[in-house]
Amino acid sequence: MSFEKNILCIGAGYVGGPTMAMIAYKCPQYRVTVVDIDPERIAQWNSDDLPIYEPGLEEIVKAARGKNLFFSTEIEAGIRESEIIFVSVNTPTKTFGAGAGMAADLQYWDKTARQIRKYSKSNKIIVEKSTLPVKTAQAMERILTSADNGIRFDVLSNPEFLAEGTAIKDLQDPDRVLIGSTQTPNGLKARDVLVEIYSNWIRRERIITSNIWSSELSKLVANAFLAQRISSINSISALCEKADADVEEVARAVGMDSRVGNKFLNASVGFGGSCFKKDILNLVYLCRHYDLKEVADYWEGVVRINDYQKERFILNMLNIMFNTLANKRICLFGFAFKSDTGDTRESPAIFVAKRLIEEKARVVITDPKALKNAMKDLESIAGEIAYVEDPYEASAGCSAIAVMTEWAIYADLDFKKIYRSMDKPAFIFDGRNILDHKKLFEIGFNVFPIGKPGLTHF
Ligand code: UDX
């Protein structure tokens, strides 16, 4: 069967895999191939046990796989046979050299650009899906055209705004799709090809186009604004605790102003995830690069408040539990960076667990999906850490429970039973404000939410 378009995606991760599955599912007339250098990952995409868990993903992969959706390690053939190539390789924060800890590490992305140049025999449209510093498209174009072999490459920016746990919903019905292109006739023609692909299932008014630099920058800025909301409310949570105010009441009052809006105002132990910190630091680095010190400092403050919130959580625990955590068993309810995922990247729980170990506490971790990742995250930490799937078993004999992830199951546990099995006095530190604090207090716990007065029996 011949297909209308041959689409390739390089990088079978959290973004590449689900996005391509959605395109293939919605557009049976296109052939979509996803390649990756990691054969194990590709084998998983071809198996019944997909490498990532996302509600609804399995259904769409199964519906399209083998028909017009293919997962493969054949990068060279993939490049040769496709007219449109999405680049969705990882761009983690650099850990070495100039910009270490701040700038994006572009080595995988650079290597991919060179591979595309090497194996291409015909004109291609290249779509940046990875989150990249502004002006990366220009670098991509320079690498691609440096071979001077008569092949034309048009580079587009098409950042992905999906969030983990809701990836399929976000792909199916996005708030917007953003496509940035150069404003040349070729750039605009390439842009229209991508618009046409998304138009198969997304209303045209939701597909917005812009110049390529605005598009690259918008992704960083969108994440910076979202994270800023969390840091804003978290900074106020510290004040609420001192002023006997309730951060949820404040957030409700503020969020009902339609200009502010009520989303992303849940105070917490801190935000995590693979994007927020990385993208803000990337933005900060860019600002410094352009000598915009005040702008860089302003955005860096979002990360600083997040670090402060995590440290504040630990210091509160220490202070409230009579200034010593040594030898006390502390149970972390949840380790994932948010609920409905096993992902633990940048999870505040990693920081909290490490700090508890520094205080010589004995840590017990429970999580319905993230225990394997938790073990990897903490493998180099010398200290007493146990991993227990069942929350009742995990909390038995502990002096405190600290809620790290907003898993719905935690609100429904039998806390009377848990209280009976714990060491006394028993403490709960609710880092996500998901529990019924008054009820817990009545059971006998000393309860410390985020941004609300504590409820104590002494
Ligand atoms: C985010 C963006 O939402 C998405 O658009 C972008 O493409 C990638 O980064 P993700 O990292 O999957 O997505 O998670 P998100 O749901 O945004 O949550 C990030 C962190 O903020 C989590 O740790 C979450 O628990 C925390 N959070 C979120 C809060 O602490 N309070 C809130 O009100 C909302």
# chains A, B, ... in the order shown; residues from 1 in each chain; ligands from 1
>>> residues_around(residues="Ala396 (chain A)", least_positions_apart="3", cutoff="9 Å", atoms="only C-alpha atoms", output="VMD selection string")
chain A and resid 331 391 to 393 399 418 to 423
>>> closest_atom_pairs(of="chain A", to="ligand 1", cutoff="8 Å", atoms="only C-alpha atoms and all ligand atoms", output="Markdown table")
| residue | atom | partner | partner_atom_place_in_ligand_line | distance |
| --- | --- | --- | --- | --- |
| A:Glu160 | CA | ligand 1 | 7 (O) | 5.6 |
| A:Phe161 | CA | ligand 1 | 7 (O) | 3.4 |
| A:Leu162 | CA | ligand 1 | 7 (O) | 4.3 |
| A:Ala163 | CA | ligand 1 | 12 (O) | 3.5 |
| A:Glu164 | CA | ligand 1 | 12 (O) | 3.6 |
| A:Gly165 | CA | ligand 1 | 12 (O) | 6.8 |
| A:Thr166 | CA | ligand 1 | 12 (O) | 8.0 |
| A:Lys219 | CA | ligand 1 | 7 (O) | 7.8 |
| A:Ala222 | CA | ligand 1 | 5 (O) | 7.3 |
| A:Asn223 | CA | ligand 1 | 2 (C) | 5.9 |
| A:Leu226 | CA | ligand 1 | 3 (O) | 7.0 |
| A:Ala227 | CA | ligand 1 | 21 (O) | 6.8 |
| A:Arg229 | CA | ligand 1 | 33 (O) | 7.6 |
| A:Ile230 | CA | ligand 1 | 31 (N) | 5.3 |
| A:Lys263 | CA | ligand 1 | 33 (O) | 6.5 |
| A:Phe264 | CA | ligand 1 | 33 (O) | 3.2 |
| A:Leu265 | CA | ligand 1 | 33 (O) | 4.1 |
| A:Asn266 | CA | ligand 1 | 33 (O) | 3.5 |
| A:Ala267 | CA | ligand 1 | 31 (N) | 5.6 |
| A:Ser268 | CA | ligand 1 | 30 (O) | 4.7 |
| A:Val269 | CA | ligand 1 | 30 (O) | 6.9 |
| A:Gly270 | CA | ligand 1 | 30 (O) | 5.3 |
| A:Phe271 | CA | ligand 1 | 23 (O) | 3.8 |
| A:Gly272 | CA | ligand 1 | 23 (O) | 3.8 |
| A:Gly273 | CA | ligand 1 | 11 (O) | 4.3 |
| A:Ser274 | CA | ligand 1 | 11 (O) | 5.8 |
| A:Cys275 | CA | ligand 1 | 9 (O) | 4.7 |
| A:Phe276 | CA | ligand 1 | 9 (O) | 5.7 |
| A:Phe337 | CA | ligand 1 | 23 (O) | 4.5 |
| A:Lys338 | CA | ligand 1 | 25 (O) | 4.2 |
| A:Ser339 | CA | ligand 1 | 25 (O) | 7.2 |
| A:Ser347 | CA | ligand 1 | 23 (O) | 6.5 |
| A:Pro348 | CA | ligand 1 | 23 (O) | 7.5 |
| A:Thr405 | CA | ligand 1 | 25 (O) | 7.0 |
| A:Glu406 | CA | ligand 1 | 25 (O) | 7.2 |
| A:Arg432 | CA | ligand 1 | 30 (O) | 7.5 |
>>> residues_around(residues="region 74-77 of chain A", least_positions_apart="6", cutoff="9 Å", atoms="only C-alpha atoms", output="PyMOL selection string")
chain A and resi 10+34-37+115-116+118-120
>>> residues_around(residues="Ala243 (chain A)", least_positions_apart="4", cutoff="10 Å", atoms="only C-alpha atoms", output="PDB file with C-alpha atoms, in the first residue's frame")
ATOM      1  CA  SER A 237       2.047  28.962  51.788  1.00  0.00           C
ATOM      2  CA  ALA A 238       5.050  29.843  53.966  1.00  0.00           C
ATOM      3  CA  LEU A 239       3.423  33.134  54.906  1.00  0.00           C
ATOM      4  CA  GLY A 451       0.147  26.540  54.142  1.00  0.00           C
ATOM      5  CA  LYS A 452      -2.338  25.934  56.951  1.00  0.00           C
ATOM      6  CA  PRO A 453      -2.033  25.964  60.701  1.00  0.00           C
TER       7      PRO A 453
END
>>> select_by_dssp(residues="region 217-409 of chain A", states="alpha helix (DSSP H)", output="ChimeraX atom specification")
/A:217-243,247-255,276-289,293-320,348-358,371-377,391-395
>>> closest_residue(among="A:Glu58, A:Asp173, A:Asp367, A:Asp414", to="Ile443 (chain A)", atoms="only C-alpha atoms")
A:Asp414
>>> select_by_dssp(residues="region 302-333 of chain A", states="strand (DSSP E or B)", output="PyMOL selection string")
chain A and resi 329-333
>>> write_last_selection(atoms="C-alpha atoms", output="PDB file, in the first residue's frame")
ATOM      1  CA  ARG A 329      11.142   5.681  60.899  1.00  0.00           C
ATOM      2  CA  ILE A 330       9.540   8.038  58.401  1.00  0.00           C
ATOM      3  CA  CYS A 331       7.217   6.805  55.687  1.00  0.00           C
ATOM      4  CA  LEU A 332       6.993   8.627  52.367  1.00  0.00           C
ATOM      5  CA  PHE A 333       3.561   8.249  50.806  1.00  0.00           C
TER       6      PHE A 333
END
>>> atom_distance(atom1="CA of Val127 (chain A)", atom2="CA of Arg41 (chain A)")
22.0 Å
>>> residues_around(residues="Gly66 (chain A)", least_positions_apart="2", cutoff="12 Å", atoms="only C-alpha atoms", output="number ranges by chain")
A: 21, 24-25, 28, 31-33, 45-47, 60-64, 68-72
>>> write_last_selection(atoms="C-alpha atoms", output="PDB file, in the first residue's frame")
ATOM      1  CA  ALA A  21       0.977   7.120  17.826  1.00  0.00           C
ATOM      2  CA  ALA A  24      -0.789   7.434  12.947  1.00  0.00           C
ATOM      3  CA  TYR A  25      -4.098   6.718  14.674  1.00  0.00           C
ATOM      4  CA  PRO A  28      -4.328   6.190   8.347  1.00  0.00           C
ATOM      5  CA  ARG A  31       2.994   6.002   7.259  1.00  0.00           C
ATOM      6  CA  VAL A  32       4.574   6.859  10.602  1.00  0.00           C
ATOM      7  CA  THR A  33       7.851   5.344  11.796  1.00  0.00           C
ATOM      8  CA  TRP A  45       7.165  -0.311  21.880  1.00  0.00           C
ATOM      9  CA  ASN A  46       6.649  -3.397  19.713  1.00  0.00           C
ATOM     10  CA  SER A  47       5.497  -5.519  22.664  1.00  0.00           C
ATOM     11  CA  ILE A  60      -4.134   3.797  20.060  1.00  0.00           C
ATOM     12  CA  VAL A  61      -0.757   2.060  19.660  1.00  0.00           C
ATOM     13  CA  LYS A  62      -2.469  -1.296  19.233  1.00  0.00           C
ATOM     14  CA  ALA A  63      -4.944   0.134  16.735  1.00  0.00           C
ATOM     15  CA  ALA A  64      -2.238   1.571  14.460  1.00  0.00           C
ATOM     16  CA  ASN A  68       0.714   2.565   9.531  1.00  0.00           C
ATOM     17  CA  LEU A  69       2.725   2.875  12.746  1.00  0.00           C
ATOM     18  CA  PHE A  70       6.125   1.238  13.029  1.00  0.00           C
ATOM     19  CA  PHE A  71       8.840   1.215  15.691  1.00  0.00           C
ATOM     20  CA  SER A  72      12.337   0.443  14.533  1.00  0.00           C
TER      21      SER A  72
END
>>> atom_distance(atom1="CA of Tyr53 (chain A)", atom2="CA of Ala167 (chain A)")
9.9 Å
>>> closest_residue(among="A:Ser258, A:Asn200, A:Thr136, A:Thr93", to="Gln29 (chain A)", atoms="only C-alpha atoms")
A:Asn200
>>> atom_distance(atom1="CA of Val352 (chain A)", atom2="CA of Lys439 (chain A)")
25.6 Å
>>> residues_around(residues="region 98-110 of chain A", least_positions_apart="3", cutoff="8 Å", atoms="only C-alpha atoms", output="list in words")
Val87, Val89, Asn90, Thr91, Pro92, Thr93, Lys94, Thr95, Ala113, Arg114, Leu132, Pro133, Met140, Lys278, Leu281, Asn282, Val284, Tyr285 and Leu286 of chain A
>>> write_last_selection(atoms="C-alpha atoms", output="short mmCIF file (atom, residue, chain, number, x, y, z; two decimals), in the first residue's frame")
data_model
loop_
_atom_site.label_atom_id
_atom_site.label_comp_id
_atom_site.auth_asym_id
_atom_site.auth_seq_id
_atom_site.Cartn_x
_atom_site.Cartn_y
_atom_site.Cartn_z
CA VAL A 87 13.28 15.27 16.06
CA VAL A 89 15.59 13.35 21.20
CA ASN A 90 16.28 14.28 24.80
CA THR A 91 17.87 17.60 25.68
CA PRO A 92 18.69 17.26 29.39
CA THR A 93 20.42 19.94 31.43
CA LYS A 94 24.13 19.97 30.71
CA THR A 95 26.21 18.35 33.44
CA ALA A 113 21.18 16.64 12.75
CA ARG A 114 24.38 15.15 11.36
CA LEU A 132 15.40 23.61 22.74
CA PRO A 133 17.01 26.94 23.40
CA MET A 140 20.04 22.88 12.82
CA LYS A 278 15.21 22.23 33.10
CA LEU A 281 17.22 27.09 33.88
CA ASN A 282 17.52 27.03 30.14
CA VAL A 284 17.79 31.78 32.71
CA TYR A 285 20.90 30.74 30.81
CA LEU A 286 19.60 32.34 27.64
#
>>> closest_residue(among="A:Ala361, A:Leu283, A:Val260, A:Ile125", to="Glu384 (chain A)", atoms="only C-alpha atoms")
A:Ala361
>>> closest_atom_pairs(of="region 88-160 of chain A", to="region 205-216 of chain A", cutoff="10 Å", atoms="only C-alpha atoms", output="tab-separated table")
residue	atom	partner	partner_atom	distance
A:Glu128	CA	A:Glu216	CA	8.8
A:Lys129	CA	A:Glu216	CA	9.6
A:Ser130	CA	A:Glu216	CA	9.7
A:Thr131	CA	A:Glu216	CA	7.5
A:Leu132	CA	A:Glu216	CA	6.7
A:Pro133	CA	A:Glu216	CA	6.9
A:Val134	CA	A:Glu216	CA	5.3
A:Lys135	CA	A:Trp213	CA	6.2
A:Thr136	CA	A:Glu216	CA	8.1
A:Ala137	CA	A:Ile212	CA	7.6
A:Gln138	CA	A:Ile212	CA	9.2
A:Val155	CA	A:Ile212	CA	8.8
A:Leu156	CA	A:Ile212	CA	6.8
A:Ser157	CA	A:Ile212	CA	6.0
A:Asn158	CA	A:Ser215	CA	7.1
A:Pro159	CA	A:Glu216	CA	6.9
>>> write_last_selection(atoms="N, CA and C atoms", output="compact mmCIF listing (two decimals), in the first residue's frame")
# COMPACT_ATOMS: atom_id res chain seq x y z
N GLU A 128 11.35 20.34 14.81
CA GLU A 128 11.91 20.28 16.17
C GLU A 128 10.77 20.02 17.15
N LYS A 129 10.82 18.89 17.80
CA LYS A 129 9.83 18.58 18.84
C LYS A 129 10.47 18.69 20.22
N SER A 130 11.77 18.41 20.28
CA SER A 130 12.47 18.52 21.56
C SER A 130 12.40 19.96 22.02
N THR A 131 12.42 20.17 23.32
CA THR A 131 12.46 21.54 23.84
C THR A 131 13.89 22.04 23.74
N LEU A 132 14.05 23.15 23.07
CA LEU A 132 15.40 23.61 22.74
C LEU A 132 15.56 25.08 23.03
N PRO A 133 16.79 25.51 23.23
CA PRO A 133 17.01 26.94 23.40
C PRO A 133 16.63 27.68 22.13
N VAL A 134 16.23 28.92 22.29
CA VAL A 134 15.86 29.71 21.12
C VAL A 134 17.07 29.84 20.19
N LYS A 135 16.78 29.83 18.91
CA LYS A 135 17.78 29.92 17.83
C LYS A 135 18.41 28.57 17.48
N THR A 136 17.89 27.49 18.08
CA THR A 136 18.44 26.18 17.74
C THR A 136 18.11 25.81 16.31
N ALA A 137 16.94 26.22 15.84
CA ALA A 137 16.55 25.89 14.47
C ALA A 137 17.59 26.41 13.49
N GLN A 138 18.13 27.58 13.83
CA GLN A 138 19.15 28.16 12.94
C GLN A 138 20.38 27.26 12.91
N VAL A 155 13.42 23.75 8.28
CA VAL A 155 13.31 23.42 9.70
C VAL A 155 12.12 24.17 10.31
N LEU A 156 11.27 23.41 11.01
CA LEU A 156 10.12 24.01 11.70
C LEU A 156 10.26 23.78 13.19
N SER A 157 9.64 24.64 13.96
CA SER A 157 9.58 24.41 15.41
C SER A 157 8.13 24.07 15.77
N ASN A 158 7.96 22.97 16.48
CA ASN A 158 6.59 22.53 16.84
C ASN A 158 6.65 21.94 18.25
N PRO A 159 6.77 22.83 19.25
CA PRO A 159 6.95 22.34 20.62
C PRO A 159 5.75 21.56 21.13
>>> residues_around(residues="Asp377 (chain A)", least_positions_apart="2", cutoff="12 Å", atoms="only C-alpha atoms", output="PDB file with N, CA and C atoms, in the first residue's frame")
ATOM      1  N   PHE A 335       6.248   8.571  45.644  1.00  0.00           N
ATOM      2  CA  PHE A 335       7.597   8.965  45.246  1.00  0.00           C
ATOM      3  C   PHE A 335       7.596   9.591  43.850  1.00  0.00           C
ATOM      4  N   ALA A 336       6.541   9.322  43.069  1.00  0.00           N
ATOM      5  CA  ALA A 336       6.440   9.893  41.714  1.00  0.00           C
ATOM      6  C   ALA A 336       6.315  11.421  41.816  1.00  0.00           C
ATOM      7  N   ASP A 343       6.868   8.051  36.874  1.00  0.00           N
ATOM      8  CA  ASP A 343       8.036   8.903  36.620  1.00  0.00           C
ATOM      9  C   ASP A 343       8.458   9.622  37.906  1.00  0.00           C
ATOM     10  N   THR A 344       9.742   9.598  38.195  1.00  0.00           N
ATOM     11  CA  THR A 344      10.225  10.246  39.419  1.00  0.00           C
ATOM     12  C   THR A 344      11.218  11.363  39.112  1.00  0.00           C
ATOM     13  N   ARG A 345      11.356  11.725  37.837  1.00  0.00           N
ATOM     14  CA  ARG A 345      12.390  12.710  37.512  1.00  0.00           C
ATOM     15  C   ARG A 345      12.131  14.032  38.231  1.00  0.00           C
ATOM     16  N   GLU A 346      13.151  14.509  38.915  1.00  0.00           N
ATOM     17  CA  GLU A 346      13.088  15.771  39.688  1.00  0.00           C
ATOM     18  C   GLU A 346      11.996  15.744  40.753  1.00  0.00           C
ATOM     19  N   SER A 347      11.543  14.571  41.129  1.00  0.00           N
ATOM     20  CA  SER A 347      10.484  14.502  42.140  1.00  0.00           C
ATOM     21  C   SER A 347      10.983  15.087  43.461  1.00  0.00           C
ATOM     22  N   PRO A 348      10.160  15.914  44.117  1.00  0.00           N
ATOM     23  CA  PRO A 348      10.587  16.452  45.425  1.00  0.00           C
ATOM     24  C   PRO A 348      10.881  15.323  46.418  1.00  0.00           C
ATOM     25  N   ALA A 349      10.276  14.152  46.195  1.00  0.00           N
ATOM     26  CA  ALA A 349      10.507  13.018  47.104  1.00  0.00           C
ATOM     27  C   ALA A 349      11.982  12.605  47.120  1.00  0.00           C
ATOM     28  N   ILE A 350      12.681  12.782  46.022  1.00  0.00           N
ATOM     29  CA  ILE A 350      14.110  12.409  45.984  1.00  0.00           C
ATOM     30  C   ILE A 350      14.870  13.281  46.976  1.00  0.00           C
ATOM     31  N   PHE A 351      14.605  14.570  46.900  1.00  0.00           N
ATOM     32  CA  PHE A 351      15.272  15.510  47.804  1.00  0.00           C
ATOM     33  C   PHE A 351      14.914  15.199  49.256  1.00  0.00           C
ATOM     34  N   ALA A 353      13.830  12.416  50.634  1.00  0.00           N
ATOM     35  CA  ALA A 353      14.414  11.150  51.096  1.00  0.00           C
ATOM     36  C   ALA A 353      15.899  11.350  51.423  1.00  0.00           C
ATOM     37  N   LYS A 354      16.610  12.040  50.555  1.00  0.00           N
ATOM     38  CA  LYS A 354      18.046  12.256  50.791  1.00  0.00           C
ATOM     39  C   LYS A 354      18.280  13.062  52.058  1.00  0.00           C
ATOM     40  N   ALA A 370       5.896   3.822  41.342  1.00  0.00           N
ATOM     41  CA  ALA A 370       7.235   4.407  41.152  1.00  0.00           C
ATOM     42  C   ALA A 370       8.336   3.740  41.985  1.00  0.00           C
ATOM     43  N   LEU A 371       8.064   2.592  42.579  1.00  0.00           N
ATOM     44  CA  LEU A 371       9.092   2.030  43.477  1.00  0.00           C
ATOM     45  C   LEU A 371      10.386   1.666  42.745  1.00  0.00           C
ATOM     46  N   LYS A 372      10.229   1.131  41.529  1.00  0.00           N
ATOM     47  CA  LYS A 372      11.441   0.738  40.777  1.00  0.00           C
ATOM     48  C   LYS A 372      12.314   1.960  40.518  1.00  0.00           C
ATOM     49  N   ASN A 373      11.673   3.033  40.076  1.00  0.00           N
ATOM     50  CA  ASN A 373      12.443   4.254  39.822  1.00  0.00           C
ATOM     51  C   ASN A 373      13.021   4.829  41.102  1.00  0.00           C
ATOM     52  N   ALA A 374      12.272   4.718  42.185  1.00  0.00           N
ATOM     53  CA  ALA A 374      12.771   5.228  43.472  1.00  0.00           C
ATOM     54  C   ALA A 374      14.055   4.488  43.847  1.00  0.00           C
ATOM     55  N   MET A 375      14.058   3.186  43.645  1.00  0.00           N
ATOM     56  CA  MET A 375      15.265   2.400  43.973  1.00  0.00           C
ATOM     57  C   MET A 375      16.457   2.886  43.163  1.00  0.00           C
ATOM     58  N   GLU A 379      19.872   4.628  44.730  1.00  0.00           N
ATOM     59  CA  GLU A 379      20.786   3.486  44.887  1.00  0.00           C
ATOM     60  C   GLU A 379      22.155   3.873  45.447  1.00  0.00           C
ATOM     61  N   SER A 380      22.572   5.110  45.202  1.00  0.00           N
ATOM     62  CA  SER A 380      23.903   5.479  45.686  1.00  0.00           C
ATOM     63  C   SER A 380      23.859   6.061  47.108  1.00  0.00           C
ATOM     64  N   ILE A 381      22.689   6.085  47.702  1.00  0.00           N
ATOM     65  CA  ILE A 381      22.566   6.700  49.025  1.00  0.00           C
ATOM     66  C   ILE A 381      22.780   5.650  50.109  1.00  0.00           C
ATOM     67  N   ILE A 385      16.922   2.487  53.842  1.00  0.00           N
ATOM     68  CA  ILE A 385      15.753   2.821  53.016  1.00  0.00           C
ATOM     69  C   ILE A 385      15.039   1.517  52.672  1.00  0.00           C
TER      70      ILE A 385
END
